[in-house]
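First the structure, in the form of structure tokens, and then the observations on it.
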Amino acid sequence: MSALAAEDVPRLPRGVKVRYDEVRSRHVLLAPERAFDIDEIAAAILELVDGHTSVAAIADVLAARFEAPRDVVCADVQAMLGDLAAKRVIER
Amino acid sequence: MNDLSPRATPAVPARPEPAPPIGLLAELTHRCPLRCPYCSNPLELDRRESELDTATWMRVLSEAAAIGVLHVHLSGGEPTARADLVDLTAHCARVGLYTNLITSGIGRADAMLDALSDAGLDHVQLSLQGAHAQTADRIGGYAGGHDKKLAFARRVVELGLPLTVNAVIHRGNIDEVADMIDLAVALKAKRLEIAHTQYYGWAFVNRAALMPTRAEVERSLAIVEAARQRLEGVLVIDLVIPDYYARFPKACTGGWGRRTLNVTPTGKVLPCHAAESIPGLEFWNVRDHALGDIWRQGPAFNAFRGTDWMQEPCRSCARKEMDFGGCRCQAMALLGDAAATDPACTLSPFHGRMEDRAAGEAAAEAPSYQYRAMGGGAAAGPGGAL
Ligand code: SF4
Ligand code: SF4
């Protein structure tokens, strides 16, 4: 599993989407024939994945919102998106 | 004196509430221009006049979203045979359902594709009957079908929709597995399903014409294994293994009444597409009941939910929560007892006979196909129990 670089610009390809599942009270990531449970942090990251915003810029937004150290946040974002890229759910 | 102790009234133990379903297979119609000899539709195909109308389907889809369904598989027959498919797809998008179109790519499919895409379709699964036109068109019983499918696949990719190619494998195309993989890559599919035939419906009738030998199966599995490694990051290959040659059965639909439901063209709700082959089950219809009530209380759903219905060897088996005793429809078809252990399991006392039957049929010369047809159920004899 390779992390994404800070300057990579991730995007959700068509056919992959995040939604809030009211019945199970949690976010889900939906892809062809697959559904993943995701936690709130992952959902907050994926909400910012729009095909224009870089990993670094996503980390900036989240670090400000959660008042957390920027480099820690950035490493988390890179690892999480790298994992999803390996599953071929997001593209860069 | 009133005895209020629990023992006095032997109440029926309350059933635990089932977890919400995650998937719904919407069999919108049984109509299809192709005539695949392994079609999973029942032998008695529903006619157009008896199909649910648009408003009822929309209500069912809204109810599905409300009870927790995430993926809807718009299927058939050929789902684009329904003129309202674009409206139904848009409705799914509105209520937050992920839509998967399961199509042959023939008939109205090509003409409808752009509108489906605009309506918010999420994913397309296209069936191919073979890797080459000659084989594929013979199997599907439709001249010129293969080339139309390829054109359809290209348009899917052009529109930016993710494409899965589904290939049902049997003795008539098992030598084309390697070519099928190359074709899926050339078409820029993201996924390929190499699905060895499951013997229900028309496939059960045609079993002798479809059953490959064990050697052919093993060769095809090795080809898939090598391709998976070679194509990592390019193509995901999902494999459905042929259970007549398996050691353990598949957990059919992830366990009876655990994950998915299936609505037929006329509105019957089934735990799996072949469930009507089990006599005595009572299927509720969406015309009479809310989908959530059917899921929770429908007699057919509760008939084999969980593990209480099991006999030996399943009852005391460590794998019973993994495969749920295999497939009820297969136990019914082969043994005449829907509650028996699926004979695909090596622990079933009938497994040896099942393997011998498969090997015998595969070794004999293939009979010709009984192509599917409306009203063809009576003509088609049973494929042979054990
Ligand atoms: S399996 Fe073949 S005949 Fe049956 S619905 Fe699919 S394309 Fe049509
Ligand atoms: S005995 Fe039943 S539960 Fe055990 S592996 Fe076989 S089918 Fe599954």
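Letters for chains follow the order of the structure tokens (A, B, ...), residue numbers begin at 1 for each chain, and ligand numbers begin at 1 in the order shown.
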Within 8 Å of ligand 1 (only C-alpha atoms and all ligand atoms), residues as a ChimeraX atom specification: /B:30-41,75-78,103-104,127,140,372
Would you give me, as CSV, each residue of chain B having an atom within 10 Å of an atom of chain A, along with its shortest atom pair and that distance in Å to one decimal, using only C-alpha atoms and sorting by chain and residue number?
```
residue,atom,partner,partner_atom,distance
B:Ala19,CA,A:Arg24,CA,9.6
B:Pro20,CA,A:Val23,CA,8.0
B:Ile22,CA,A:Ala35,CA,8.9
B:Gly23,CA,A:Glu33,CA,9.4
B:Ala65,CA,A:Val23,CA,8.9
B:Ala66,CA,A:Val23,CA,7.3
B:Ile67,CA,A:Val23,CA,6.7
B:Gly68,CA,A:Val23,CA,5.4
B:Val69,CA,A:Val23,CA,9.0
B:Leu70,CA,A:Leu30,CA,7.9
B:His71,CA,A:Glu33,CA,7.7
B:Val72,CA,A:Glu33,CA,9.9
B:His73,CA,A:Glu33,CA,9.4
B:Gly96,CA,A:Arg19,CA,8.1
B:Leu97,CA,A:Leu30,CA,9.7
B:Tyr98,CA,A:Leu30,CA,7.3
B:Thr99,CA,A:Gly15,CA,8.9
B:Asn100,CA,A:Pro32,CA,7.5
B:Gly120,CA,A:Gly15,CA,9.6
B:Leu121,CA,A:Gly15,CA,8.2
B:Asp122,CA,A:Gly15,CA,4.6
B:His123,CA,A:Gly15,CA,5.7
B:Val124,CA,A:Pro32,CA,8.6
B:Gln125,CA,A:Pro32,CA,9.2
B:Leu159,CA,A:Arg14,CA,9.7
B:Gly160,CA,A:Arg14,CA,6.7
B:Leu161,CA,A:Arg14,CA,6.1
B:Pro162,CA,A:Gly15,CA,6.1
B:Leu163,CA,A:Pro32,CA,8.9
B:Thr164,CA,A:Pro32,CA,8.4
B:Lys190,CA,A:Arg88,CA,9.2
B:Arg191,CA,A:Pro32,CA,8.8
B:Glu232,CA,A:Ala86,CA,9.9
B:Gly233,CA,A:Arg88,CA,7.2
B:Val234,CA,A:Arg88,CA,9.1
B:Leu235,CA,A:Arg88,CA,9.7
B:Val236,CA,A:Arg88,CA,9.1
```
Residue list (alpha helix (DSSP H), DSSP) for segment 24-235 of chain B, as a VMD selection string: chain B and resid 54 to 66 85 to 94 109 to 118 133 to 140 145 to 158 177 to 186 201 to 205 207 to 210 214 to 230
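When atom CA of Leu334 of chain B is paired with atom CA of Leu25 of chain B, their separation reads 25.2 Å.
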DSSP strand (DSSP E or B) selection over segment 255-304 of chain B, as a PDB file with all heavy atoms, in the first residue's frame:
```pdb
ATOM      1  N   THR B 260     -29.856  -9.889   0.846  1.00  0.00           N
ATOM      2  CA  THR B 260     -30.464  -9.408  -0.394  1.00  0.00           C
ATOM      3  C   THR B 260     -31.892  -9.903  -0.575  1.00  0.00           C
ATOM      4  O   THR B 260     -32.283 -10.914  -0.008  1.00  0.00           O
ATOM      5  CB  THR B 260     -29.662  -9.893  -1.623  1.00  0.00           C
ATOM      6  OG1 THR B 260     -29.712 -11.308  -1.672  1.00  0.00           O
ATOM      7  CG2 THR B 260     -28.231  -9.454  -1.569  1.00  0.00           C
ATOM      8  N   LEU B 261     -32.632  -9.169  -1.383  1.00  0.00           N
ATOM      9  CA  LEU B 261     -33.927  -9.651  -1.814  1.00  0.00           C
ATOM     10  C   LEU B 261     -34.057  -9.450  -3.313  1.00  0.00           C
ATOM     11  O   LEU B 261     -33.322  -8.687  -3.939  1.00  0.00           O
ATOM     12  CB  LEU B 261     -35.090  -9.016  -1.048  1.00  0.00           C
ATOM     13  CG  LEU B 261     -34.964  -7.678  -0.352  1.00  0.00           C
ATOM     14  CD1 LEU B 261     -35.035  -6.556  -1.325  1.00  0.00           C
ATOM     15  CD2 LEU B 261     -36.053  -7.573   0.689  1.00  0.00           C
ATOM     16  N   ASN B 262     -35.030 -10.176  -3.862  1.00  0.00           N
ATOM     17  CA  ASN B 262     -35.173 -10.259  -5.297  1.00  0.00           C
ATOM     18  C   ASN B 262     -36.650 -10.055  -5.621  1.00  0.00           C
ATOM     19  O   ASN B 262     -37.490 -10.768  -5.098  1.00  0.00           O
ATOM     20  CB  ASN B 262     -34.713 -11.671  -5.678  1.00  0.00           C
ATOM     21  CG  ASN B 262     -34.757 -11.921  -7.167  1.00  0.00           C
ATOM     22  OD1 ASN B 262     -35.126 -11.036  -7.925  1.00  0.00           O
ATOM     23  ND2 ASN B 262     -34.403 -13.100  -7.584  1.00  0.00           N
ATOM     24  N   VAL B 263     -36.962  -9.045  -6.432  1.00  0.00           N
ATOM     25  CA  VAL B 263     -38.356  -8.799  -6.784  1.00  0.00           C
ATOM     26  C   VAL B 263     -38.567  -9.237  -8.236  1.00  0.00           C
ATOM     27  O   VAL B 263     -37.847  -8.799  -9.137  1.00  0.00           O
ATOM     28  CB  VAL B 263     -38.728  -7.311  -6.609  1.00  0.00           C
ATOM     29  CG1 VAL B 263     -40.200  -7.087  -6.934  1.00  0.00           C
ATOM     30  CG2 VAL B 263     -38.430  -6.854  -5.183  1.00  0.00           C
ATOM     31  N   LYS B 268     -43.466 -10.608  -6.958  1.00  0.00           N
ATOM     32  CA  LYS B 268     -43.180 -11.547  -5.869  1.00  0.00           C
ATOM     33  C   LYS B 268     -41.794 -11.243  -5.310  1.00  0.00           C
ATOM     34  O   LYS B 268     -40.873 -10.942  -6.072  1.00  0.00           O
ATOM     35  CB  LYS B 268     -43.179 -12.983  -6.401  1.00  0.00           C
ATOM     36  CG  LYS B 268     -44.563 -13.601  -6.408  1.00  0.00           C
ATOM     37  CD  LYS B 268     -44.476 -15.066  -6.714  1.00  0.00           C
ATOM     38  CE  LYS B 268     -45.000 -15.330  -8.094  1.00  0.00           C
ATOM     39  NZ  LYS B 268     -44.949 -16.712  -8.508  1.00  0.00           N
ATOM     40  N   VAL B 269     -41.649 -11.362  -4.005  1.00  0.00           N
ATOM     41  CA  VAL B 269     -40.344 -11.084  -3.412  1.00  0.00           C
ATOM     42  C   VAL B 269     -39.728 -12.403  -2.961  1.00  0.00           C
ATOM     43  O   VAL B 269     -40.322 -13.139  -2.167  1.00  0.00           O
ATOM     44  CB  VAL B 269     -40.456 -10.094  -2.239  1.00  0.00           C
ATOM     45  CG1 VAL B 269     -39.070  -9.675  -1.786  1.00  0.00           C
ATOM     46  CG2 VAL B 269     -41.255  -8.868  -2.661  1.00  0.00           C
ATOM     47  N   LEU B 270     -38.534 -12.673  -3.487  1.00  0.00           N
ATOM     48  CA  LEU B 270     -37.870 -13.954  -3.256  1.00  0.00           C
ATOM     49  C   LEU B 270     -36.561 -13.737  -2.513  1.00  0.00           C
ATOM     50  O   LEU B 270     -35.877 -12.736  -2.736  1.00  0.00           O
ATOM     51  CB  LEU B 270     -37.533 -14.633  -4.592  1.00  0.00           C
ATOM     52  CG  LEU B 270     -38.580 -14.646  -5.707  1.00  0.00           C
ATOM     53  CD1 LEU B 270     -37.998 -15.322  -6.951  1.00  0.00           C
ATOM     54  CD2 LEU B 270     -39.838 -15.370  -5.253  1.00  0.00           C
ATOM     55  N   ASN B 285     -46.201 -10.657  -2.106  1.00  0.00           N
ATOM     56  CA  ASN B 285     -46.078  -9.812  -3.287  1.00  0.00           C
ATOM     57  C   ASN B 285     -46.101  -8.342  -2.867  1.00  0.00           C
ATOM     58  O   ASN B 285     -46.837  -7.968  -1.945  1.00  0.00           O
ATOM     59  CB  ASN B 285     -47.253 -10.115  -4.240  1.00  0.00           C
ATOM     60  CG  ASN B 285     -47.025  -9.539  -5.626  1.00  0.00           C
ATOM     61  OD1 ASN B 285     -46.895  -8.329  -5.798  1.00  0.00           O
ATOM     62  ND2 ASN B 285     -46.966 -10.417  -6.622  1.00  0.00           N
TER      63      ASN B 285
END
```
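Residues in contact with ligand 2 (atom pairs separated by at most 8 Å; only C-alpha atoms and all ligand atoms) are Phe248, Pro249, Glu312, Pro313, Cys314, Arg315, Ser316, Cys317, Ala318, Arg319, Lys320, Glu321, Met322, Asp323, Phe324, Gly325, Gly326, Thr341, Asp342, Pro343, Ala344, Cys345, Thr346, Leu347 and Ser348 of chain B.
Residue neighbourhood of Ala300 of chain B, excluding near-sequence residues (fewer than 2 positions): Leu281, Glu282, Phe283, Gly298, Asn302 and Ala303 of chain B, at 7 Å, using only C-alpha atoms.
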Just-selected residues, N, CA, C and O atoms written as a PDB file, in the first residue's frame:
```pdb
ATOM      1  N   LEU B 281     -43.197 -23.003  -0.422  1.00  0.00           N
ATOM      2  CA  LEU B 281     -42.833 -21.705   0.165  1.00  0.00           C
ATOM      3  C   LEU B 281     -43.891 -20.669  -0.205  1.00  0.00           C
ATOM      4  O   LEU B 281     -44.407 -20.664  -1.326  1.00  0.00           O
ATOM      5  N   GLU B 282     -44.190 -19.786   0.751  1.00  0.00           N
ATOM      6  CA  GLU B 282     -45.195 -18.751   0.492  1.00  0.00           C
ATOM      7  C   GLU B 282     -44.492 -17.418   0.252  1.00  0.00           C
ATOM      8  O   GLU B 282     -43.845 -16.877   1.139  1.00  0.00           O
ATOM      9  N   PHE B 283     -44.605 -16.910  -0.984  1.00  0.00           N
ATOM     10  CA  PHE B 283     -43.952 -15.649  -1.333  1.00  0.00           C
ATOM     11  C   PHE B 283     -44.956 -14.520  -1.279  1.00  0.00           C
ATOM     12  O   PHE B 283     -45.989 -14.593  -1.931  1.00  0.00           O
ATOM     13  N   GLY B 298     -42.056 -12.093   5.984  1.00  0.00           N
ATOM     14  CA  GLY B 298     -42.468 -12.950   4.866  1.00  0.00           C
ATOM     15  C   GLY B 298     -42.114 -14.403   5.173  1.00  0.00           C
ATOM     16  O   GLY B 298     -40.980 -14.692   5.557  1.00  0.00           O
ATOM     17  N   ASN B 302     -38.376 -16.288   6.241  1.00  0.00           N
ATOM     18  CA  ASN B 302     -38.084 -16.900   7.532  1.00  0.00           C
ATOM     19  C   ASN B 302     -37.898 -18.413   7.457  1.00  0.00           C
ATOM     20  O   ASN B 302     -37.399 -19.024   8.395  1.00  0.00           O
ATOM     21  N   ALA B 303     -38.258 -19.011   6.304  1.00  0.00           N
ATOM     22  CA  ALA B 303     -38.202 -20.474   6.196  1.00  0.00           C
ATOM     23  C   ALA B 303     -36.779 -21.008   6.426  1.00  0.00           C
ATOM     24  O   ALA B 303     -36.595 -22.022   7.098  1.00  0.00           O
TER      25      ALA B 303
END
```
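The protein and nucleic acid residues lying at most 12 Å from Glu40 of chain A are Val18, Arg19, Tyr20, Ser25, Arg26, His27, Val28, Leu29, Asp37, Ile38, Ala42, Ala43, Ala44, Ile45, Leu46 and Glu47 of chain A, with only C-alpha atoms considered and sequence neighbours fewer than 2 positions away removed.
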Let's have the selection written as a PDB file, in the first residue's frame, with N, CA and C atoms.
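File out31.pdb, as written:
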```pdb
ATOM      1  N   VAL A  18     -19.910   8.558  -1.773  1.00  0.00           N
ATOM      2  CA  VAL A  18     -20.038   8.502  -0.323  1.00  0.00           C
ATOM      3  C   VAL A  18     -21.436   8.967   0.018  1.00  0.00           C
ATOM      4  N   ARG A  19     -22.096   8.240   0.913  1.00  0.00           N
ATOM      5  CA  ARG A  19     -23.382   8.746   1.369  1.00  0.00           C
ATOM      6  C   ARG A  19     -23.610   8.409   2.824  1.00  0.00           C
ATOM      7  N   TYR A  20     -24.476   9.185   3.439  1.00  0.00           N
ATOM      8  CA  TYR A  20     -24.818   8.883   4.815  1.00  0.00           C
ATOM      9  C   TYR A  20     -25.957   7.884   4.801  1.00  0.00           C
ATOM     10  N   SER A  25     -27.032   4.544  10.506  1.00  0.00           N
ATOM     11  CA  SER A  25     -26.405   5.699  11.163  1.00  0.00           C
ATOM     12  C   SER A  25     -24.898   5.726  10.986  1.00  0.00           C
ATOM     13  N   ARG A  26     -24.446   5.692   9.754  1.00  0.00           N
ATOM     14  CA  ARG A  26     -23.008   5.775   9.475  1.00  0.00           C
ATOM     15  C   ARG A  26     -22.818   6.113   8.006  1.00  0.00           C
ATOM     16  N   HIS A  27     -21.601   6.535   7.674  1.00  0.00           N
ATOM     17  CA  HIS A  27     -21.294   6.803   6.273  1.00  0.00           C
ATOM     18  C   HIS A  27     -20.901   5.513   5.570  1.00  0.00           C
ATOM     19  N   VAL A  28     -21.249   5.432   4.291  1.00  0.00           N
ATOM     20  CA  VAL A  28     -20.820   4.294   3.485  1.00  0.00           C
ATOM     21  C   VAL A  28     -20.204   4.813   2.194  1.00  0.00           C
ATOM     22  N   LEU A  29     -19.234   4.056   1.714  1.00  0.00           N
ATOM     23  CA  LEU A  29     -18.618   4.346   0.425  1.00  0.00           C
ATOM     24  C   LEU A  29     -19.117   3.278  -0.527  1.00  0.00           C
ATOM     25  N   ASP A  37     -17.923   0.407   4.993  1.00  0.00           N
ATOM     26  CA  ASP A  37     -18.263   1.304   6.112  1.00  0.00           C
ATOM     27  C   ASP A  37     -17.115   2.272   6.265  1.00  0.00           C
ATOM     28  N   ILE A  38     -17.408   3.534   6.490  1.00  0.00           N
ATOM     29  CA  ILE A  38     -16.305   4.451   6.772  1.00  0.00           C
ATOM     30  C   ILE A  38     -16.619   5.288   8.004  1.00  0.00           C
ATOM     31  N   ALA A  42     -12.828   9.552   7.899  1.00  0.00           N
ATOM     32  CA  ALA A  42     -12.714   9.188   6.484  1.00  0.00           C
ATOM     33  C   ALA A  42     -13.772   9.925   5.648  1.00  0.00           C
ATOM     34  N   ALA A  43     -14.981  10.039   6.220  1.00  0.00           N
ATOM     35  CA  ALA A  43     -16.044  10.741   5.487  1.00  0.00           C
ATOM     36  C   ALA A  43     -15.676  12.211   5.291  1.00  0.00           C
ATOM     37  N   ALA A  44     -15.091  12.827   6.328  1.00  0.00           N
ATOM     38  CA  ALA A  44     -14.695  14.241   6.224  1.00  0.00           C
ATOM     39  C   ALA A  44     -13.616  14.421   5.158  1.00  0.00           C
ATOM     40  N   ILE A  45     -12.687  13.462   5.084  1.00  0.00           N
ATOM     41  CA  ILE A  45     -11.639  13.537   4.056  1.00  0.00           C
ATOM     42  C   ILE A  45     -12.264  13.400   2.666  1.00  0.00           C
ATOM     43  N   LEU A  46     -13.115  12.385   2.510  1.00  0.00           N
ATOM     44  CA  LEU A  46     -13.671  12.101   1.182  1.00  0.00           C
ATOM     45  C   LEU A  46     -14.589  13.213   0.689  1.00  0.00           C
ATOM     46  N   GLU A  47     -15.215  13.916   1.629  1.00  0.00           N
ATOM     47  CA  GLU A  47     -16.054  15.042   1.251  1.00  0.00           C
ATOM     48  C   GLU A  47     -15.246  16.115   0.512  1.00  0.00           C
TER      49      GLU A  47
END
```
Polymer residues at most 12 Å from segment 44-57 of chain B, only C-alpha atoms, same-chain spacing of 2 or more positions, as a VMD selection string: chain B and resid 26 to 32 39 to 42 59 to 64 74 76 to 77 81 to 89 91 to 92 201 to 202 263 to 268 274 276 to 277 285 to 291 372 to 380
Create the file for the chosen residues now, containing C-alpha atoms and written as an mmCIF file, in the first residue's frame.
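again.cif was written with the following content:
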```cif
data_model
loop_
_atom_site.group_PDB
_atom_site.id
_atom_site.type_symbol
_atom_site.label_atom_id
_atom_site.label_comp_id
_atom_site.auth_asym_id
_atom_site.auth_seq_id
_atom_site.Cartn_x
_atom_site.Cartn_y
_atom_site.Cartn_z
ATOM 1 C CA ALA B 26 -35.036 -5.873 -9.500
ATOM 2 C CA GLU B 27 -36.047 -8.362 -12.191
ATOM 3 C CA LEU B 28 -37.917 -5.746 -14.155
ATOM 4 C CA THR B 29 -38.977 -8.078 -16.951
ATOM 5 C CA HIS B 30 -38.326 -11.559 -18.251
ATOM 6 C CA ARG B 31 -38.372 -10.307 -21.842
ATOM 7 C CA CYS B 32 -34.981 -10.584 -23.560
ATOM 8 C CA CYS B 39 -30.452 -18.152 -18.155
ATOM 9 C CA SER B 40 -31.287 -17.933 -14.451
ATOM 10 C CA ASN B 41 -34.868 -16.899 -15.170
ATOM 11 C CA PRO B 42 -37.483 -19.523 -14.282
ATOM 12 C CA ARG B 59 -42.872 2.714 -4.551
ATOM 13 C CA VAL B 60 -40.876 -0.519 -4.118
ATOM 14 C CA LEU B 61 -37.601 1.295 -4.803
ATOM 15 C CA SER B 62 -38.465 4.036 -2.301
ATOM 16 C CA GLU B 63 -39.296 1.401 0.296
ATOM 17 C CA ALA B 64 -36.042 -0.394 -0.462
ATOM 18 C CA LEU B 74 -31.657 -3.356 -12.496
ATOM 19 C CA GLY B 76 -34.226 -9.008 -16.124
ATOM 20 C CA GLY B 77 -34.432 -10.527 -18.690
ATOM 21 C CA ALA B 81 -36.990 -3.888 -22.704
ATOM 22 C CA ARG B 82 -38.947 -1.708 -20.268
ATOM 23 C CA ALA B 83 -39.630 1.724 -21.729
ATOM 24 C CA ASP B 84 -39.702 3.264 -18.213
ATOM 25 C CA LEU B 85 -36.159 2.211 -17.280
ATOM 26 C CA VAL B 86 -34.799 5.765 -17.516
ATOM 27 C CA ASP B 87 -37.508 7.007 -15.131
ATOM 28 C CA LEU B 88 -36.865 4.148 -12.721
ATOM 29 C CA THR B 89 -33.132 4.873 -12.768
ATOM 30 C CA HIS B 91 -36.008 7.576 -9.229
ATOM 31 C CA CYS B 92 -33.287 5.405 -7.697
ATOM 32 C CA GLY B 201 -33.518 -22.534 -14.117
ATOM 33 C CA TRP B 202 -32.574 -23.070 -17.744
ATOM 34 C CA VAL B 263 -38.356 -8.799 -6.784
ATOM 35 C CA THR B 264 -39.778 -10.646 -9.815
ATOM 36 C CA PRO B 265 -41.449 -8.925 -12.792
ATOM 37 C CA THR B 266 -44.871 -9.608 -11.269
ATOM 38 C CA GLY B 267 -43.902 -8.368 -7.794
ATOM 39 C CA LYS B 268 -43.180 -11.547 -5.869
ATOM 40 C CA ALA B 274 -34.398 -19.590 -7.889
ATOM 41 C CA GLU B 276 -39.673 -20.449 -6.532
ATOM 42 C CA SER B 277 -38.297 -23.876 -7.401
ATOM 43 C CA ASN B 285 -46.078 -9.812 -3.287
ATOM 44 C CA VAL B 286 -45.279 -6.087 -3.228
ATOM 45 C CA ARG B 287 -48.818 -5.498 -4.492
ATOM 46 C CA ASP B 288 -50.118 -6.696 -1.097
ATOM 47 C CA HIS B 289 -47.352 -5.948 1.421
ATOM 48 C CA ALA B 290 -44.763 -3.306 2.224
ATOM 49 C CA LEU B 291 -41.222 -4.406 1.354
ATOM 50 C CA ARG B 372 -35.093 -20.403 -23.431
ATOM 51 C CA ALA B 373 -38.477 -19.299 -24.757
ATOM 52 C CA MET B 374 -41.719 -17.896 -23.421
ATOM 53 C CA GLY B 375 -43.974 -20.792 -22.546
ATOM 54 C CA GLY B 376 -41.002 -23.130 -22.900
ATOM 55 C CA GLY B 377 -41.236 -24.528 -19.388
ATOM 56 C CA ALA B 378 -43.462 -27.410 -20.333
ATOM 57 C CA ALA B 379 -41.277 -28.543 -23.216
ATOM 58 C CA ALA B 380 -38.159 -28.508 -21.091
#
```
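For the atom pair formed by atom CA of Asp71 of chain A and atom CA of Glu91 of chain A, the distance is 22.7 Å, given to one decimal.
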Shell of 12 Å around Phe66 of chain A, only C-alpha atoms, local chain residues under 6 positions omitted, as a PyMOL selection string: chain A and resi 41+44-45+59-60+72-73
Nearby residues (only C-alpha atoms) at most 8 Å from Ala153 of chain B, same-chain spacing under 6 positions excluded, as a list in words: Gly105, Leu126, Leu163 and Leu187 of chain B
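In this model, the gap between atom CA of Ser220 of chain B and atom CA of Asp179 of chain B comes to 11.2 Å.
Among B:Pro18, B:Pro212, B:Gly172, B:Pro79, the residue with the shortest atom-to-atom distance to Glu355 of chain B, counting only C-alpha atoms, is B:Pro212.
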Minimum-distance residue to Pro10 of chain A, chosen among A:Asp39, A:Ala79, A:Arg65, A:Gly51 (using only C-alpha atoms): A:Gly51
